[in-house]
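Here is the structure we will look at.
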Amino acid sequence: MNTTYINETNTIRSQKMLNISARVWFTIAVLGQWIFAFYVTTFYGTAAIEGNYQKWNEVLPHGYTEGATISNVVVGIHLLFAVIIIIGGPLQFIDKIRMRARSFHRWNGKIYLVTTFIAGFSGIYMILSKGSVTGWIGDISVSFNGILMMIFAVFAWRTALQKNFVSHNRWVLRLFLAVNGVWFFRIGLMLWLFIHGKPVGFDPETFRGPFITFLGFGQYLIPLGILEVYLKVKDRKIPLEQWSMTMVLFISIIATGIGVFAATVGMWLPRL
Ligand code: HEM
């Protein structure tokens with residue numbers, strides 16, 4: 001067996017394993033996001049249908065304020081469009097839908113991009129009018145998340161119009177991860193609590209502390225950082241790098257799986 005053959009086989013194998021691990025991570029993440037969407041629809045939607053808006057405040061301290069119509073409508077819009085974006089986004093990445101239902105892909109894509117702006121602006125309005133539960137550093141980190149996702153949406157849109165699909169693919173991946181920053185925050189927090197069995201690095205009463213600050217920025221910077229390395233490694237096709245990246249994704253699969261499980265069982269289901 002000559003060395004060229006062995007090298008080629010190794011490259012093909014490492015490439016295959018990298019693709020498989022990326023797909024497995026994506027599948028687990030989408031399942032976790034749809035569980036989150038199910039919780040948001042059931043918890044906030046049922047309360048709204050029953051006219052029991054005060055129930056929102058069991059989770060969002062200033063979610064509903066008697067008489068503050070604009071503010072209440074903005075919170076409602078934020079939650080409604082959060083569900084639309086969480087459910088609709090992953091459908092864009094499914095090859096069969098993209099190939100066979102092109103018109104659906106185009107429309108769903110447009111809805112996704114517009115929704116990004118609505119969720120982003122309503123979120124920033126909520127920060128400016130009421131602030132977040134994590135304090136001013138949390139206000140800054142989540143606002144930056146909002147700005148970042150709107151910038152990514154502009155680039156995703158532009159590259160689609162230019163029919164530059166290589167670049168478009170990259171921008172939609174960045175957009176997808178930035179849009180899911182709030183979901184990463186929740187599974188990250190629950191993973192941390194699962195590992196330690198108690199609050200560490202933050203005060204559970206005030207919801208402030210070094211870990212919350214770290215997670216506030218990490219909720220989008222960590223997934224985006226991993227994505228950039230993944231894209232580079234995929235391009236360069238060097239087996240050692242691809243095996244190392246597969247390991248990183250393998251660890252991400254375990255972390256995401258535990259985070260989703262802990263958030264579902266420990267945070268979302270008990271509220272329903
Ligand atoms: C598109 C992505 C986003 C989604 C899917 C989303 C989803 C949600 C959901 C489901 C809640 C209710 C909290 C819960 O029940 O766990 C919420 C609350 C909130 N969101 Fe968003 N959101 C997004 C982006 C943003 C952005 C960019 C900002 C700010 C710039 C923001 C600011 C807020 C605020 C202030 C709250 C109230 C909770 C708190 O005090 O932290 N959101 N969001």
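Every chain in the structure tokens takes a letter, A first, then B, and so on in the order presented; its residues are numbered from 1, and the ligands are numbered from 1 following the presented order.
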
Subject >> Contacts of ligand 1, 6 Å or closer, only C-alpha atoms and all ligand atoms, given as a VMD selection string >> reply: chain A and resid 40 59 to 60 79 82 86 116 119 to 120 123 to 124 126 to 127 131 to 133 142 to 143 145 to 146 179 to 180 182

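Of the listed residues A:Ala178, A:Leu161, A:Ile12, A:Ile147, the one whose atoms come nearest to Lys234 of chain A is A:Ile12, with distances taken using only C-alpha atoms.
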
Subject >> 6 Å contact set for Gly201 of chain A, only C-alpha atoms, chain neighbours under 4 positions out, as a list in words >> reply: Gly209, Pro210 and Phe211 of chain A

Subject >> Computed interatomic separation between atom CA of Arg170 of chain A and atom CA of Ala37 of chain A (Å) >> reply: 24.7 Å

**OP:** Give me the residues within 8 Å of Ala262 of chain A as a ChimeraX atom specification, counting only C-alpha atoms and dropping any in the same chain fewer than 4 places off.
**Re:** /A:187,190-191,194,258,266-267

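Take atom CA of Ala68 of chain A and atom CA of Ile140 of chain A: the distance between them is 24.3 Å.
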
**OP:** Could you pull out the residues in segment 99-256 of chain A that DSSP calls alpha helix (DSSP H) from the backbone, as an NGL selection string?
**Re:** :A and (99-100 or 102-130 or 135-161 or 165-179 or 181-196 or 210-236 or 239-256)

Write a file of the selected residues as a compact mmCIF listing (two decimals), in the first residue's frame, keeping C-alpha atoms.
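Listed below is the output, again-v4.txt:
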# COMPACT_ATOMS: atom_id res chain seq x y z
CA MET A 99 -33.56 21.71 -3.61
CA ARG A 100 -37.16 20.66 -4.08
CA ARG A 102 -36.99 26.58 -3.88
CA SER A 103 -39.80 29.07 -3.58
CA PHE A 104 -40.45 28.01 0.04
CA HIS A 105 -36.71 28.42 0.73
CA ARG A 106 -36.74 31.94 -0.73
CA TRP A 107 -39.86 33.04 1.17
CA ASN A 108 -38.85 31.43 4.43
CA GLY A 109 -35.44 33.08 4.03
CA LYS A 110 -37.01 36.51 3.56
CA ILE A 111 -39.28 35.97 6.57
CA TYR A 112 -36.23 34.89 8.60
CA LEU A 113 -34.25 38.00 7.71
CA VAL A 114 -37.15 40.36 8.47
CA THR A 115 -37.84 38.46 11.70
CA THR A 116 -34.21 38.90 12.75
CA PHE A 117 -34.70 42.67 12.62
CA ILE A 118 -38.04 42.57 14.45
CA ALA A 119 -36.63 40.32 17.22
CA GLY A 120 -33.46 42.45 17.37
CA PHE A 121 -35.18 45.84 17.53
CA SER A 122 -37.88 44.67 19.96
CA GLY A 123 -35.14 43.14 22.15
CA ILE A 124 -33.13 46.37 22.15
CA TYR A 125 -36.32 48.35 22.93
CA MET A 126 -36.95 46.02 25.90
CA ILE A 127 -33.39 46.56 27.12
CA LEU A 128 -33.65 50.35 26.81
CA SER A 129 -37.06 50.50 28.49
CA LYS A 130 -36.70 47.86 31.22
CA GLY A 135 -27.94 43.92 34.85
CA TRP A 136 -26.08 46.52 32.77
CA ILE A 137 -23.28 44.21 31.61
CA GLY A 138 -25.97 41.76 30.47
CA ASP A 139 -27.74 44.68 28.74
CA ILE A 140 -24.55 45.42 26.79
CA SER A 141 -23.76 41.81 25.89
CA VAL A 142 -27.28 40.97 24.67
CA SER A 143 -27.59 44.30 22.79
CA PHE A 144 -24.33 43.52 21.03
CA ASN A 145 -25.83 40.12 20.16
CA GLY A 146 -28.82 41.96 18.64
CA ILE A 147 -26.62 44.31 16.60
CA LEU A 148 -24.41 41.45 15.43
CA MET A 149 -27.32 39.35 14.20
CA MET A 150 -28.73 42.30 12.25
CA ILE A 151 -25.33 42.90 10.61
CA PHE A 152 -25.12 39.20 9.68
CA ALA A 153 -28.66 39.36 8.27
CA VAL A 154 -27.63 42.25 5.98
CA PHE A 155 -24.63 40.28 4.68
CA ALA A 156 -26.72 37.11 4.25
CA TRP A 157 -29.26 39.10 2.24
CA ARG A 158 -26.65 40.91 0.11
CA THR A 159 -24.74 37.76 -0.79
CA ALA A 160 -28.02 35.99 -1.72
CA LEU A 161 -28.96 38.88 -4.03
CA PHE A 165 -23.65 31.33 -2.61
CA VAL A 166 -20.30 30.34 -1.09
CA SER A 167 -20.26 33.55 0.90
CA HIS A 168 -24.05 33.40 1.51
CA ASN A 169 -23.63 29.97 3.13
CA ARG A 170 -21.10 31.37 5.57
CA TRP A 171 -23.18 34.40 6.51
CA VAL A 172 -26.33 32.36 7.12
CA LEU A 173 -24.38 30.03 9.42
CA ARG A 174 -23.08 33.04 11.37
CA LEU A 175 -26.60 34.49 11.45
CA PHE A 176 -28.09 31.20 12.65
CA LEU A 177 -25.65 31.00 15.58
CA ALA A 178 -26.04 34.68 16.54
CA VAL A 179 -29.85 34.44 16.43
CA GLY A 181 -27.47 33.36 21.32
CA VAL A 182 -30.37 33.54 23.80
CA TRP A 183 -30.88 29.78 23.48
CA PHE A 184 -27.14 29.13 23.98
CA PHE A 185 -27.34 31.25 27.14
CA ARG A 186 -30.06 29.05 28.59
CA ILE A 187 -28.47 25.69 27.75
CA GLY A 188 -25.04 27.03 28.84
CA LEU A 189 -26.43 28.09 32.21
CA MET A 190 -28.20 24.77 32.76
CA LEU A 191 -25.10 22.80 31.68
CA TRP A 192 -23.05 24.78 34.24
CA LEU A 193 -25.61 24.06 36.99
CA PHE A 194 -25.74 20.40 35.94
CA ILE A 195 -21.93 20.09 36.22
CA HIS A 196 -21.67 21.84 39.59
CA PRO A 210 -18.45 36.59 36.75
CA PHE A 211 -19.99 33.46 35.22
CA ILE A 212 -23.11 35.34 34.04
CA THR A 213 -20.88 38.05 32.51
CA PHE A 214 -18.79 35.38 30.77
CA LEU A 215 -21.91 33.60 29.49
CA GLY A 216 -23.49 36.89 28.35
CA PHE A 217 -20.73 37.36 25.79
CA GLY A 218 -19.92 33.66 25.38
CA GLN A 219 -23.49 32.89 24.27
CA TYR A 220 -22.62 34.08 20.78
CA LEU A 221 -18.81 34.59 20.75
CA ILE A 222 -18.03 30.93 21.61
CA PRO A 223 -20.30 29.36 18.92
CA LEU A 224 -19.15 31.96 16.36
CA GLY A 225 -15.48 31.31 17.21
CA ILE A 226 -15.95 27.53 16.81
CA LEU A 227 -17.74 28.14 13.47
CA GLU A 228 -14.86 30.25 12.09
CA VAL A 229 -12.31 27.55 12.97
CA TYR A 230 -14.61 24.87 11.50
CA LEU A 231 -14.92 26.76 8.20
CA LYS A 232 -11.13 27.21 7.97
CA VAL A 233 -10.45 23.56 8.77
CA LYS A 234 -13.03 22.41 6.21
CA ASP A 235 -11.38 24.54 3.52
CA ARG A 236 -7.80 23.48 4.24
CA PRO A 239 -6.45 15.45 8.16
CA LEU A 240 -4.89 16.28 11.57
CA GLU A 241 -6.86 19.53 11.73
CA GLN A 242 -10.05 17.77 10.63
CA TRP A 243 -9.67 15.05 13.29
CA SER A 244 -9.01 17.73 15.95
CA MET A 245 -12.07 19.69 14.84
CA THR A 246 -14.14 16.50 14.93
CA MET A 247 -13.07 16.10 18.57
CA VAL A 248 -14.14 19.70 19.32
CA LEU A 249 -17.52 19.00 17.71
CA PHE A 250 -17.80 15.73 19.61
CA ILE A 251 -17.33 17.62 22.89
CA SER A 252 -19.85 20.24 21.67
CA ILE A 253 -22.37 17.45 20.93
CA ILE A 254 -22.06 16.11 24.50
CA ALA A 255 -22.21 19.62 26.03
CA THR A 256 -25.20 20.65 23.89

Per-residue nearest contacts of segment 63-110 of chain A to segment 20-24 of chain A (12 Å; only C-alpha atoms) as CSV:
residue,atom,partner,partner_atom,distance
A:Pro90,CA,A:Arg23,CA,11.9
A:Phe93,CA,A:Arg23,CA,10.5
A:Ile94,CA,A:Arg23,CA,10.6
A:Asp95,CA,A:Arg23,CA,11.9

Would you output that residue set with N, CA, C and O atoms, as a PDB file, in the first residue's frame?
ATOM      1  N   PRO A  90     -33.992  26.583  11.055  1.00  0.00           N
ATOM      2  CA  PRO A  90     -33.345  25.320  10.689  1.00  0.00           C
ATOM      3  C   PRO A  90     -33.855  24.740   9.368  1.00  0.00           C
ATOM      4  O   PRO A  90     -33.120  24.030   8.682  1.00  0.00           O
ATOM      5  N   PHE A  93     -31.730  25.003   6.260  1.00  0.00           N
ATOM      6  CA  PHE A  93     -30.506  24.216   6.068  1.00  0.00           C
ATOM      7  C   PHE A  93     -30.777  22.795   5.568  1.00  0.00           C
ATOM      8  O   PHE A  93     -29.844  22.051   5.304  1.00  0.00           O
ATOM      9  N   ILE A  94     -32.041  22.413   5.479  1.00  0.00           N
ATOM     10  CA  ILE A  94     -32.359  21.041   5.053  1.00  0.00           C
ATOM     11  C   ILE A  94     -32.287  20.970   3.520  1.00  0.00           C
ATOM     12  O   ILE A  94     -33.050  21.644   2.810  1.00  0.00           O
ATOM     13  N   ASP A  95     -31.316  20.144   3.024  1.00  0.00           N
ATOM     14  CA  ASP A  95     -31.034  20.085   1.577  1.00  0.00           C
ATOM     15  C   ASP A  95     -32.272  19.788   0.745  1.00  0.00           C
ATOM     16  O   ASP A  95     -32.512  20.426  -0.272  1.00  0.00           O
TER      17      ASP A  95
END

Original post:
Could you name the residues that touch Ile35 of chain A at 12 Å or less, counting only C-alpha atoms, but leaving out those on the same chain fewer than 6 positions away, as a list in words?
Top reply: Ile28, Ala29, Thr41, Thr42, Phe43, Val83, Ile86, Ile87, Trp183, Ile187, Val260, Phe261, Ala262, Ala263, Thr264, Val265, Met267, Trp268, Leu269 and Leu272 of chain A

Selected residues written out, all heavy atoms, as a short mmCIF file (atom, residue, chain, number, x, y, z; two decimals), in the first residue's frame:
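Ended up saving to result-v1.cif:
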data_model
loop_
_atom_site.label_atom_id
_atom_site.label_comp_id
_atom_site.auth_asym_id
_atom_site.auth_seq_id
_atom_site.Cartn_x
_atom_site.Cartn_y
_atom_site.Cartn_z
N ILE A 28 -29.06 17.80 17.05
CA ILE A 28 -29.34 17.93 18.48
C ILE A 28 -29.71 19.37 18.82
O ILE A 28 -30.64 19.64 19.57
CB ILE A 28 -28.12 17.46 19.31
CG1 ILE A 28 -27.94 15.96 19.12
CG2 ILE A 28 -28.29 17.79 20.80
CD1 ILE A 28 -26.72 15.40 19.79
N ALA A 29 -28.97 20.32 18.22
CA ALA A 29 -29.24 21.73 18.49
C ALA A 29 -30.65 22.10 18.04
O ALA A 29 -31.40 22.76 18.78
CB ALA A 29 -28.21 22.61 17.79
N THR A 41 -44.16 28.96 23.15
CA THR A 41 -45.53 28.98 22.63
C THR A 41 -46.52 28.58 23.71
O THR A 41 -47.54 29.24 23.92
CB THR A 41 -45.68 27.97 21.45
OG1 THR A 41 -44.57 28.13 20.59
CG2 THR A 41 -46.96 28.19 20.69
N THR A 42 -46.21 27.48 24.40
CA THR A 42 -47.16 26.95 25.38
C THR A 42 -47.27 27.89 26.60
O THR A 42 -48.39 28.25 27.00
CB THR A 42 -46.73 25.54 25.86
OG1 THR A 42 -46.41 24.78 24.70
CG2 THR A 42 -47.82 24.86 26.63
N PHE A 43 -46.13 28.30 27.14
CA PHE A 43 -46.17 29.11 28.37
C PHE A 43 -46.77 30.50 28.11
O PHE A 43 -47.77 30.88 28.71
CB PHE A 43 -44.76 29.23 28.97
CG PHE A 43 -44.71 30.07 30.21
CD1 PHE A 43 -45.13 29.55 31.43
CD2 PHE A 43 -44.28 31.40 30.17
CE1 PHE A 43 -45.12 30.34 32.58
CE2 PHE A 43 -44.25 32.18 31.31
CZ PHE A 43 -44.68 31.64 32.52
N VAL A 83 -40.51 32.75 18.33
CA VAL A 83 -40.97 31.41 17.96
C VAL A 83 -40.83 31.20 16.45
O VAL A 83 -40.32 30.17 15.99
CB VAL A 83 -42.44 31.20 18.41
CG1 VAL A 83 -42.99 29.89 17.85
CG2 VAL A 83 -42.54 31.19 19.92
N ILE A 86 -37.16 30.68 15.57
CA ILE A 86 -36.56 29.42 16.06
C ILE A 86 -37.06 28.24 15.21
O ILE A 86 -36.31 27.33 14.88
CB ILE A 86 -36.89 29.16 17.56
CG1 ILE A 86 -36.37 30.28 18.45
CG2 ILE A 86 -36.27 27.84 18.02
CD1 ILE A 86 -36.90 30.22 19.88
N ILE A 87 -38.35 28.26 14.84
CA ILE A 87 -38.88 27.14 14.07
C ILE A 87 -38.44 27.21 12.60
O ILE A 87 -38.01 26.23 12.01
CB ILE A 87 -40.42 27.09 14.17
CG1 ILE A 87 -40.82 26.80 15.62
CG2 ILE A 87 -41.00 26.01 13.24
CD1 ILE A 87 -42.30 26.80 15.88
N TRP A 183 -30.70 31.21 23.19
CA TRP A 183 -30.88 29.78 23.48
C TRP A 183 -29.58 29.20 24.05
O TRP A 183 -29.59 28.45 25.03
CB TRP A 183 -31.30 29.06 22.19
CG TRP A 183 -31.35 27.57 22.28
CD1 TRP A 183 -32.37 26.83 22.83
CD2 TRP A 183 -30.35 26.63 21.84
NE1 TRP A 183 -32.05 25.49 22.73
CE2 TRP A 183 -30.83 25.34 22.12
CE3 TRP A 183 -29.12 26.77 21.21
CZ2 TRP A 183 -30.11 24.19 21.81
CZ3 TRP A 183 -28.40 25.62 20.90
CH2 TRP A 183 -28.89 24.35 21.22
N ILE A 187 -29.03 27.06 27.60
CA ILE A 187 -28.47 25.69 27.75
C ILE A 187 -27.09 25.75 28.42
O ILE A 187 -26.71 24.85 29.14
CB ILE A 187 -28.45 24.89 26.42
CG1 ILE A 187 -27.50 25.52 25.39
CG2 ILE A 187 -29.84 24.71 25.83
CD1 ILE A 187 -27.02 24.50 24.36
N VAL A 260 -29.25 20.84 26.72
CA VAL A 260 -30.66 20.79 26.28
C VAL A 260 -31.48 19.96 27.27
O VAL A 260 -32.58 20.36 27.70
CB VAL A 260 -30.77 20.18 24.86
CG1 VAL A 260 -32.21 19.81 24.53
CG2 VAL A 260 -30.22 21.16 23.82
N PHE A 261 -30.91 18.81 27.67
CA PHE A 261 -31.62 17.95 28.62
C PHE A 261 -31.88 18.71 29.93
O PHE A 261 -33.00 18.74 30.44
CB PHE A 261 -30.79 16.68 28.88
CG PHE A 261 -31.31 15.84 30.00
CD1 PHE A 261 -32.42 15.03 29.81
CD2 PHE A 261 -30.71 15.88 31.26
CE1 PHE A 261 -32.93 14.27 30.87
CE2 PHE A 261 -31.21 15.14 32.31
CZ PHE A 261 -32.32 14.33 32.12
N ALA A 262 -30.82 19.34 30.46
CA ALA A 262 -30.94 20.03 31.75
C ALA A 262 -31.91 21.21 31.65
O ALA A 262 -32.69 21.46 32.57
CB ALA A 262 -29.56 20.50 32.21
N ALA A 263 -31.88 21.94 30.52
CA ALA A 263 -32.78 23.09 30.36
C ALA A 263 -34.23 22.62 30.23
O ALA A 263 -35.15 23.21 30.81
CB ALA A 263 -32.38 23.92 29.14
N THR A 264 -34.43 21.52 29.50
CA THR A 264 -35.79 21.01 29.30
C THR A 264 -36.38 20.53 30.63
O THR A 264 -37.49 20.92 31.01
CB THR A 264 -35.78 19.83 28.29
OG1 THR A 264 -35.13 20.28 27.10
CG2 THR A 264 -37.18 19.37 27.95
N VAL A 265 -35.60 19.69 31.31
CA VAL A 265 -36.11 19.08 32.55
C VAL A 265 -36.12 20.08 33.72
O VAL A 265 -37.03 20.09 34.54
CB VAL A 265 -35.25 17.84 32.91
CG1 VAL A 265 -35.65 17.26 34.24
CG2 VAL A 265 -35.39 16.79 31.81
N MET A 267 -35.78 23.63 33.54
CA MET A 267 -36.25 25.02 33.39
C MET A 267 -37.57 25.10 32.63
O MET A 267 -38.50 25.75 33.09
CB MET A 267 -35.16 25.83 32.66
CG MET A 267 -35.49 27.30 32.50
SD MET A 267 -34.03 28.35 32.29
CE MET A 267 -33.27 27.69 30.87
N TRP A 268 -37.66 24.47 31.44
CA TRP A 268 -38.83 24.69 30.59
C TRP A 268 -40.03 23.86 31.00
O TRP A 268 -41.11 24.41 31.20
CB TRP A 268 -38.46 24.46 29.11
CG TRP A 268 -37.40 25.41 28.63
CD1 TRP A 268 -37.27 26.72 29.00
CD2 TRP A 268 -36.31 25.13 27.75
NE1 TRP A 268 -36.16 27.28 28.39
CE2 TRP A 268 -35.56 26.33 27.62
CE3 TRP A 268 -35.89 24.01 27.05
CZ2 TRP A 268 -34.42 26.42 26.81
CZ3 TRP A 268 -34.76 24.10 26.24
CH2 TRP A 268 -34.04 25.29 26.13
N LEU A 269 -39.85 22.52 31.16
CA LEU A 269 -41.01 21.67 31.50
C LEU A 269 -41.68 22.08 32.82
O LEU A 269 -42.91 22.15 32.87
CB LEU A 269 -40.60 20.19 31.53
CG LEU A 269 -40.41 19.52 30.16
CD1 LEU A 269 -40.10 18.03 30.33
CD2 LEU A 269 -41.63 19.70 29.26
N LEU A 272 -44.44 24.60 32.52
CA LEU A 272 -45.65 24.34 31.70
C LEU A 272 -46.77 23.72 32.53
O LEU A 272 -46.55 23.12 33.54
CB LEU A 272 -45.29 23.42 30.52
CG LEU A 272 -44.23 23.97 29.57
CD1 LEU A 272 -44.02 23.02 28.41
CD2 LEU A 272 -44.61 25.35 29.04
#

**OP:** Quote the spacing between atom CA of Glu205 of chain A and atom CA of Thr134 of chain A in Å to one decimal place.
**Re:** 10.8 Å

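Closest approach to Gly63 of chain A among A:Gly45, A:Pro270, A:Pro199, A:Gly76: A:Gly76, based on only C-alpha atoms.
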